[in-house]
$ cat work-v9.cif   # mmCIF, C-alpha atoms
data_upload
loop_
_atom_site.label_atom_id
_atom_site.label_comp_id
_atom_site.auth_asym_id
_atom_site.auth_seq_id
_atom_site.Cartn_x
_atom_site.Cartn_y
_atom_site.Cartn_z
CA MET F 1 0.00 0.00 0.00
CA SER F 2 1.62 3.19 -1.12
CA THR F 3 1.19 6.55 0.39
CA ARG F 4 -0.13 9.29 -1.79
CA PRO F 5 2.58 10.59 -4.15
CA ALA F 6 3.52 14.19 -3.58
CA ALA F 7 2.81 14.89 -7.25
CA TRP F 8 -0.91 14.55 -6.62
CA THR F 9 -2.51 17.81 -5.95
CA ARG F 10 -5.98 18.74 -5.09
CA ALA F 11 -7.51 20.17 -8.20
CA ASN F 12 -8.13 23.85 -8.40
CA THR F 13 -11.66 23.81 -9.65
CA GLY F 14 -12.38 27.48 -9.63
CA ALA F 15 -13.09 27.37 -13.35
CA ARG F 16 -15.22 24.25 -13.17
CA SER F 17 -18.87 24.83 -12.67
CA GLY F 18 -20.76 22.81 -10.13
CA VAL F 19 -17.79 21.02 -8.56
CA GLY F 20 -16.37 22.07 -5.24
CA ASP F 21 -12.96 20.51 -4.72
CA GLU F 22 -13.87 18.96 -1.40
CA LEU F 23 -16.98 17.69 0.31
CA ARG F 24 -17.18 16.40 3.87
CA VAL F 25 -19.99 14.16 5.09
CA GLN F 26 -20.42 13.09 8.71
CA ILE F 27 -21.31 9.43 9.17
CA LEU F 28 -23.42 8.77 12.25
CA SER F 29 -26.10 6.33 11.11
CA ALA F 30 -27.19 3.93 8.39
CA ALA F 31 -29.10 6.78 6.75
CA ASP F 32 -25.81 8.64 6.33
CA VAL F 33 -24.46 5.66 4.37
CA VAL F 34 -27.18 6.24 1.77
CA GLN F 35 -26.63 9.99 1.93
CA VAL F 36 -22.85 9.86 1.41
CA ARG F 37 -23.00 7.42 -1.49
CA GLN F 38 -25.56 9.66 -3.23
CA ARG F 39 -23.35 12.68 -2.67
CA GLY F 40 -20.40 10.65 -3.93
CA ARG F 41 -22.24 9.74 -7.10
CA GLU F 42 -23.13 13.39 -7.73
CA PHE F 43 -19.55 14.40 -7.01
CA ALA F 44 -18.24 11.81 -9.48
CA ALA F 45 -20.84 12.86 -12.06
CA SER F 46 -19.84 16.50 -11.89
CA ALA F 47 -16.19 15.43 -12.15
CA GLY F 48 -17.03 13.84 -15.51
CA PHE F 49 -17.07 10.14 -14.61
CA SER F 50 -19.19 7.78 -16.72
CA SER F 51 -22.39 6.50 -15.13
CA GLY F 52 -20.78 3.06 -14.76
CA ASP F 53 -17.89 4.53 -12.82
CA GLN F 54 -20.24 6.74 -10.80
CA THR F 55 -21.98 3.57 -9.65
CA VAL F 56 -18.68 1.84 -8.89
CA ILE F 57 -17.57 4.83 -6.80
CA ALA F 58 -20.94 4.98 -5.01
CA VAL F 59 -20.74 1.28 -4.12
CA ALA F 60 -17.17 1.62 -2.82
CA ILE F 61 -18.24 4.58 -0.67
CA SER F 62 -21.20 2.59 0.61
CA GLU F 63 -18.96 -0.27 1.73
CA ILE F 64 -16.47 1.87 3.65
CA ALA F 65 -19.17 4.10 5.13
CA ARG F 66 -21.01 1.04 6.40
CA ASN F 67 -17.79 -0.13 8.02
CA ILE F 68 -17.67 3.16 9.94
CA VAL F 69 -21.22 2.66 11.24
CA SER F 70 -20.68 -1.04 12.01
CA TYR F 71 -17.35 -0.78 13.79
CA ALA F 72 -16.67 2.81 14.85
CA LYS F 73 -20.26 4.15 15.19
CA ARG F 74 -19.21 7.52 13.85
CA GLY F 75 -16.73 9.05 11.47
CA GLU F 76 -16.36 11.15 8.39
CA VAL F 77 -16.07 10.67 4.65
CA ILE F 78 -14.23 13.30 2.63
CA LEU F 79 -14.58 13.49 -1.14
CA GLN F 80 -11.84 15.31 -3.03
CA LEU F 81 -11.21 16.15 -6.63
CA VAL F 82 -7.57 15.33 -7.48
CA THR F 83 -5.28 15.63 -10.47
CA ASN F 84 -2.03 13.89 -11.34
CA GLY F 85 -0.58 15.51 -14.42
CA GLU F 86 -3.27 15.14 -17.06
CA ARG F 87 -5.25 12.66 -15.06
CA GLN F 88 -8.24 13.63 -12.99
CA GLY F 89 -9.86 11.59 -10.32
CA VAL F 90 -11.73 11.51 -7.07
CA THR F 91 -10.18 10.57 -3.76
CA ILE F 92 -12.37 9.31 -0.95
CA ILE F 93 -11.06 9.43 2.58
CA ALA F 94 -12.97 7.62 5.31
CA GLN F 95 -11.74 8.25 8.81
CA ASP F 96 -12.92 7.25 12.24
CA HIS F 97 -11.62 7.06 15.77
CA GLY F 98 -13.10 3.66 16.41
CA PRO F 99 -11.41 0.51 17.71
CA GLY F 100 -9.20 0.14 14.64
CA ILE F 101 -8.57 -3.02 12.65
CA ALA F 102 -6.44 -5.55 14.50
CA ASP F 103 -5.30 -7.39 11.38
CA VAL F 104 -5.47 -5.24 8.25
CA ALA F 105 -4.14 -7.95 5.92
CA ARG F 106 -6.86 -10.28 7.08
CA ALA F 107 -9.57 -7.63 6.83
CA LEU F 108 -8.61 -7.25 3.17
CA GLN F 109 -9.24 -10.94 2.46
CA ASP F 110 -12.49 -11.90 0.80
CA GLY F 111 -14.93 -13.46 3.21
CA PHE F 112 -13.32 -12.30 6.44
CA SER F 113 -15.75 -10.45 8.69
CA THR F 114 -16.09 -9.85 12.38
CA SER F 115 -19.57 -8.34 12.02
CA GLY F 116 -21.41 -11.24 10.42
CA GLY F 117 -21.31 -9.58 7.01
CA LEU F 118 -20.18 -11.08 3.73
CA GLY F 119 -16.64 -9.90 4.31
CA LEU F 120 -16.66 -8.20 0.93
CA GLY F 121 -16.66 -4.62 2.15
CA LEU F 122 -12.98 -3.71 2.28
CA PRO F 123 -11.65 -6.13 -0.37
CA GLY F 124 -14.61 -5.18 -2.56
CA ALA F 125 -13.93 -1.47 -2.24
CA ARG F 126 -10.29 -2.11 -3.04
CA ARG F 127 -11.24 -3.96 -6.21
CA LEU F 128 -13.60 -1.19 -7.28
CA MET F 129 -11.07 1.61 -6.91
CA ASP F 130 -7.71 2.19 -8.62
CA ASP F 131 -5.69 3.12 -5.53
CA PHE F 132 -6.45 1.94 -2.03
CA ASP F 133 -4.60 2.61 1.18
CA ILE F 134 -5.58 1.74 4.72
CA LYS F 135 -4.03 2.87 7.95
CA SER F 136 -5.32 1.53 11.21
CA ALA F 137 -4.14 1.29 14.77
CA SER F 138 -5.89 -0.48 17.63
CA GLY F 139 -7.62 2.02 19.85
CA VAL F 140 -6.74 4.95 17.60
CA GLY F 141 -8.91 4.49 14.56
CA THR F 142 -8.88 3.80 10.86
CA THR F 143 -8.26 5.93 7.79
CA ILE F 144 -8.97 4.58 4.33
CA THR F 145 -7.85 6.59 1.32
CA MET F 146 -8.96 5.44 -2.10
CA THR F 147 -8.89 7.00 -5.55
CA LYS F 148 -10.61 6.36 -8.85
CA TRP F 149 -9.04 7.90 -11.95
CA ARG F 150 -11.15 9.04 -14.83
CA ARG F 151 -10.48 7.13 -18.00
CA HIS F 152 -9.66 9.23 -21.00
CA SER F 153 -12.68 9.57 -23.20
CA GLY F 154 -10.85 9.15 -26.52
CA MET R 1 -38.90 4.37 3.38
CA GLU R 2 -41.40 1.51 3.34
CA VAL R 3 -41.50 -0.57 0.17
CA PRO R 4 -45.03 -1.11 -1.15
CA ILE R 5 -45.94 -4.78 -1.56
CA LEU R 6 -48.81 -5.67 -3.89
CA LYS R 7 -50.66 -8.94 -4.17
CA GLN R 8 -51.34 -10.26 -7.63
CA GLY R 9 -52.98 -13.67 -7.77
CA HIS R 10 -50.67 -16.15 -6.09
CA TYR R 11 -47.77 -13.70 -6.20
CA VAL R 12 -46.57 -10.76 -4.14
CA ILE R 13 -44.68 -7.93 -5.80
CA ALA R 14 -42.35 -5.60 -3.88
CA SER R 15 -41.69 -2.49 -5.89
CA ILE R 16 -38.73 -0.56 -4.50
CA GLN R 17 -39.26 3.16 -5.10
CA SER R 18 -36.08 4.80 -3.81
CA ALA R 19 -32.72 4.19 -2.15
CA LEU R 20 -32.99 1.92 0.90
CA THR R 21 -31.02 1.98 4.10
CA ASP R 22 -29.85 -1.28 5.68
CA ALA R 23 -32.80 -1.03 8.09
CA ASP R 24 -35.22 -0.56 5.17
CA LEU R 25 -33.82 -3.68 3.50
CA LEU R 26 -34.30 -5.74 6.66
CA GLN R 27 -37.83 -4.36 6.99
CA LEU R 28 -38.52 -5.43 3.40
CA ARG R 29 -37.30 -8.93 4.23
CA GLU R 30 -39.65 -9.16 7.23
CA SER R 31 -42.61 -7.72 5.31
CA LEU R 32 -42.17 -10.13 2.41
CA MET R 33 -41.99 -13.13 4.74
CA GLU R 34 -45.17 -11.98 6.44
CA ARG R 35 -47.02 -11.45 3.14
CA VAL R 36 -45.93 -14.81 1.74
CA GLY R 37 -47.58 -16.40 4.75
CA ARG R 38 -50.65 -14.17 4.86
CA PHE R 39 -51.43 -14.51 1.15
CA ARG R 40 -50.14 -18.07 0.84
CA ALA R 41 -48.05 -16.73 -2.05
CA ARG R 42 -46.30 -19.16 -4.39
CA GLY R 43 -44.06 -16.54 -5.90
CA GLU R 44 -42.58 -13.16 -5.12
CA ILE R 45 -41.06 -10.50 -7.31
CA VAL R 46 -38.63 -7.89 -6.00
CA ASP R 47 -38.36 -5.00 -8.45
CA VAL R 48 -35.03 -3.19 -7.97
CA THR R 49 -35.30 -0.96 -11.05
CA ALA R 50 -35.16 2.15 -8.85
CA LEU R 51 -31.97 1.10 -7.05
CA ASP R 52 -28.92 2.86 -8.47
CA VAL R 53 -26.57 1.20 -5.96
CA MET R 54 -26.49 -2.39 -4.72
CA ASP R 55 -23.68 -3.01 -2.31
CA SER R 56 -22.74 -6.18 -0.44
CA PHE R 57 -25.43 -5.68 2.21
CA ALA R 58 -28.21 -5.19 -0.35
CA VAL R 59 -27.14 -8.24 -2.33
CA ARG R 60 -26.89 -10.38 0.78
CA THR R 61 -30.35 -9.31 1.92
CA LEU R 62 -31.89 -10.08 -1.49
CA ARG R 63 -30.26 -13.50 -1.40
CA ASP R 64 -31.60 -14.10 2.10
CA ILE R 65 -35.09 -13.03 0.99
CA ALA R 66 -35.03 -15.53 -1.87
CA HIS R 67 -33.73 -18.39 0.26
CA MET R 68 -36.12 -17.70 3.13
CA ALA R 69 -39.10 -17.51 0.77
CA ARG R 70 -38.13 -20.82 -0.81
CA LEU R 71 -38.17 -22.43 2.63
CA ARG R 72 -41.73 -21.14 2.94
CA GLY R 73 -42.76 -22.49 -0.44
CA ALA R 74 -42.46 -19.40 -2.61
CA GLU R 75 -40.16 -18.81 -5.55
CA THR R 76 -38.45 -15.43 -5.79
CA VAL R 77 -37.33 -13.55 -8.84
CA ILE R 78 -35.37 -10.27 -8.79
CA VAL R 79 -36.21 -7.95 -11.67
CA GLY R 80 -34.79 -4.71 -13.01
CA ILE R 81 -31.08 -4.78 -12.10
CA GLN R 82 -29.70 -1.76 -13.96
CA PRO R 83 -26.69 -2.21 -16.27
CA GLU R 84 -24.43 0.03 -14.15
CA VAL R 85 -25.49 -1.85 -11.04
CA ALA R 86 -24.71 -5.19 -12.70
CA PHE R 87 -21.30 -3.80 -13.73
CA ALA R 88 -20.46 -2.71 -10.20
CA MET R 89 -21.70 -6.01 -8.72
CA VAL R 90 -19.41 -7.99 -10.99
CA GLN R 91 -16.46 -5.73 -10.14
CA LEU R 92 -17.18 -6.11 -6.45
CA GLY R 93 -17.36 -9.89 -6.78
CA LEU R 94 -21.01 -10.14 -5.78
CA THR R 95 -23.21 -12.83 -7.20
CA LEU R 96 -26.82 -13.73 -6.64
CA LYS R 97 -26.06 -17.43 -6.83
CA GLY R 98 -29.15 -19.55 -6.56
CA VAL R 99 -31.45 -16.56 -7.04
CA ALA R 100 -33.44 -16.04 -10.24
CA THR R 101 -32.95 -12.69 -11.93
CA VAL R 102 -34.70 -11.51 -15.08
CA LEU R 103 -34.82 -8.29 -17.06
CA ASP R 104 -38.07 -6.68 -15.98
CA LEU R 105 -41.46 -7.13 -14.33
CA GLU R 106 -43.02 -8.69 -17.41
CA GLU R 107 -40.30 -11.33 -17.59
CA GLY R 108 -40.61 -11.82 -13.84
CA LEU R 109 -44.29 -12.69 -14.08
CA ALA R 110 -43.57 -15.06 -16.98
CA PHE R 111 -40.81 -16.69 -14.93
CA LEU R 112 -43.12 -17.27 -11.98
CA ASP R 113 -45.91 -18.58 -14.20
CA GLU R 114 -43.45 -21.16 -15.43
CA HIS R 115 -41.67 -22.02 -12.18
CA ALA R 116 -44.17 -21.36 -9.41
CA ALA R 117 -47.17 -22.60 -11.42
CA GLY R 118 -45.78 -26.15 -11.44
CA ARG R 119 -45.69 -26.10 -7.66
CA MET R 120 -49.24 -24.79 -7.60
CA ASP R 121 -50.54 -27.64 -9.80
CA LYS R 122 -48.81 -30.23 -7.66
CA GLY R 123 -50.08 -28.53 -4.54
CA GLN R 124 -53.66 -28.55 -5.74
CA HIS R 125 -53.32 -32.14 -6.84
CA ARG R 126 -52.05 -33.22 -3.42
CA GLY R 127 -54.82 -31.22 -1.82
CA THR R 128 -57.47 -33.06 -3.83
CA LEU R 129 -56.03 -36.44 -2.97
CA GLY R 130 -55.77 -35.49 0.68
CA ARG R 131 -59.42 -34.57 0.90
CA GLY R 132 -60.59 -37.54 -1.18
#
$ encode --input "work-v9.cif" --output "structure tokens"
Amino acid sequence: MSTRPAAWTRANTGARSGVGDELRVQILSAADVVQVRQRGREFAASAGFSSGDQTVIAVAISEIARNIVSYAKRGEVILQLVTNGERQGVTIIAQDHGPGIADVARALQDGFSTSGGLGLGLPGARRLMDDFDIKSASGVGTTITMTKWRRHSG
Amino acid sequence: MEVPILKQGHYVIASIQSALTDADLLQLRESLMERVGRFRARGEIVDVTALDVMDSFAVRTLRDIAHMARLRGAETVIVGIQPEVAFAMVQLGLTLKGVATVLDLEEGLAFLDEHAAGRMDKGQHRGTLGRG
């Protein structure tokens, strides 16, 4: 898992209509999971992602936001517009101050769950996104940073 | 957001109208189980046309609904999975193994007529013998 390269910068979107460069959504309940994935879809749409990729991004957000509610009770999801040279993308940061993940490698395996779920949340979100990084410490909390890059449209 | 459930002949039809929270999905599961019993339904259709996101929890709940209904004698068919939703499900590694899915409501009714009707005929037949 790499850290974010210094070359990535948050996009200056002053000239872009309808897209703020950052959006923060508090996650306190299951209703917020629906809320944040809808906001994420809109964010991806206004950043020019195809409807297929908007759905992929919304599903990935849903999985990590649900993890916040299930394990940490509360947290925050931050949506950011990013650029890397010519490439544009969205970065999603999910952070909480919950119990943390004792075994990150295991939590990223398909089918591993401590909440009675399918165990597809974290590994699924990783598959859906292009870049995926997770930092977690017991008793401190968890931060997941994931990015989807927009494919060039010809 | 409560999902309206209609009765049509021997079938019940749940028509999802908007995004559902995890609690809404569990409520839908309970409601469908109750209606299958109350209406002695032989088939149920869950129309997900309005869902623009199906994550692992939604897919698991739909699978549970189908398997629970089967244990109570009703066949389930999921209709209306949108192309983008199907794309994301495949990327995520989610399958609806063992659950019938068809394109739309019309196909769903045709599916049940074919698959749940056979059970109905046998059921009626057994009933006749039992009384005779």
$ interface_residues --input "work-v9.cif" --of "chain R" --to "chain F" --cutoff "9 Å" --atoms "only C-alpha atoms" --output "JSON, numbers by chain"
{"R": [19, 20, 21, 22, 23, 52, 53, 54, 55, 56, 57, 60, 83, 84, 85, 87, 88, 89, 91, 92, 93, 94]}
$ closest_residue --input "work-v9.cif" --among "F:Met146, F:Ala72, F:Ala65, F:Ala47" --to "Ile92 in chain F" --atoms "only C-alpha atoms"
F:Met146
$ residues_around --input "work-v9.cif" --residues "Gln26 in chain F" --least-positions-apart "5" --cutoff "8 Å" --atoms "only C-alpha atoms" --output "PyMOL selection string"
chain F and resi 32+74-77
$ atom_distance --input "work-v9.cif" --atom1 "CA of Gln95 in chain F" --atom2 "CA of Ile68 in chain F"
7.9 Å
$ atom_distance --input "work-v9.cif" --atom1 "CA of Arg39 in chain F" --atom2 "CA of Ile78 in chain F"
10.6 Å
$ resolve_selection --input "work-v9.cif" --expression "the PyMOL selection byres ((chain R and resi 103-109) around 9)" --output "list of chain:residue names"
R:Tyr11, R:Ile45, R:Val46, R:Asp47, R:Thr49, R:Val77, R:Ile78, R:Val79, R:Gly80, R:Ile81, R:Gln82, R:Thr101, R:Val102, R:Ala110, R:Phe111, R:Leu112, R:Asp113, R:Glu114
$ atom_distance --input "work-v9.cif" --atom1 "CA of Thr76 in chain R" --atom2 "CA of Gly43 in chain R"
5.7 Å
$ resolve_selection --input "work-v9.cif" --expression "the PyMOL selection byres ((chain F and resi 140) around 9)" --output "count of residues only"
11
$ residues_around --input "work-v9.cif" --residues "Thr145 in chain F" --least-positions-apart "5" --cutoff "8 Å" --atoms "all atoms listed in the file" --output "VMD selection string"
chain F and resid 91 to 94 131 to 134
$ resolve_selection --input "work-v9.cif" --expression "the PyMOL selection byres ((chain F and resi 152) around 12)" --output "ChimeraX atom specification"
/F:48-50,86-89,149-151,153-154
$ closest_residue --input "work-v9.cif" --among "R:Leu71, R:Ala14, R:Ile65, R:Ala58" --to "Thr95 in chain R" --atoms "only C-alpha atoms"
R:Ala58
$ closest_residue --input "work-v9.cif" --among "R:Ala100, R:Ala69, R:Ala74, R:Ala116" --to "Glu30 in chain R" --atoms "all atoms listed in the file"
R:Ala69
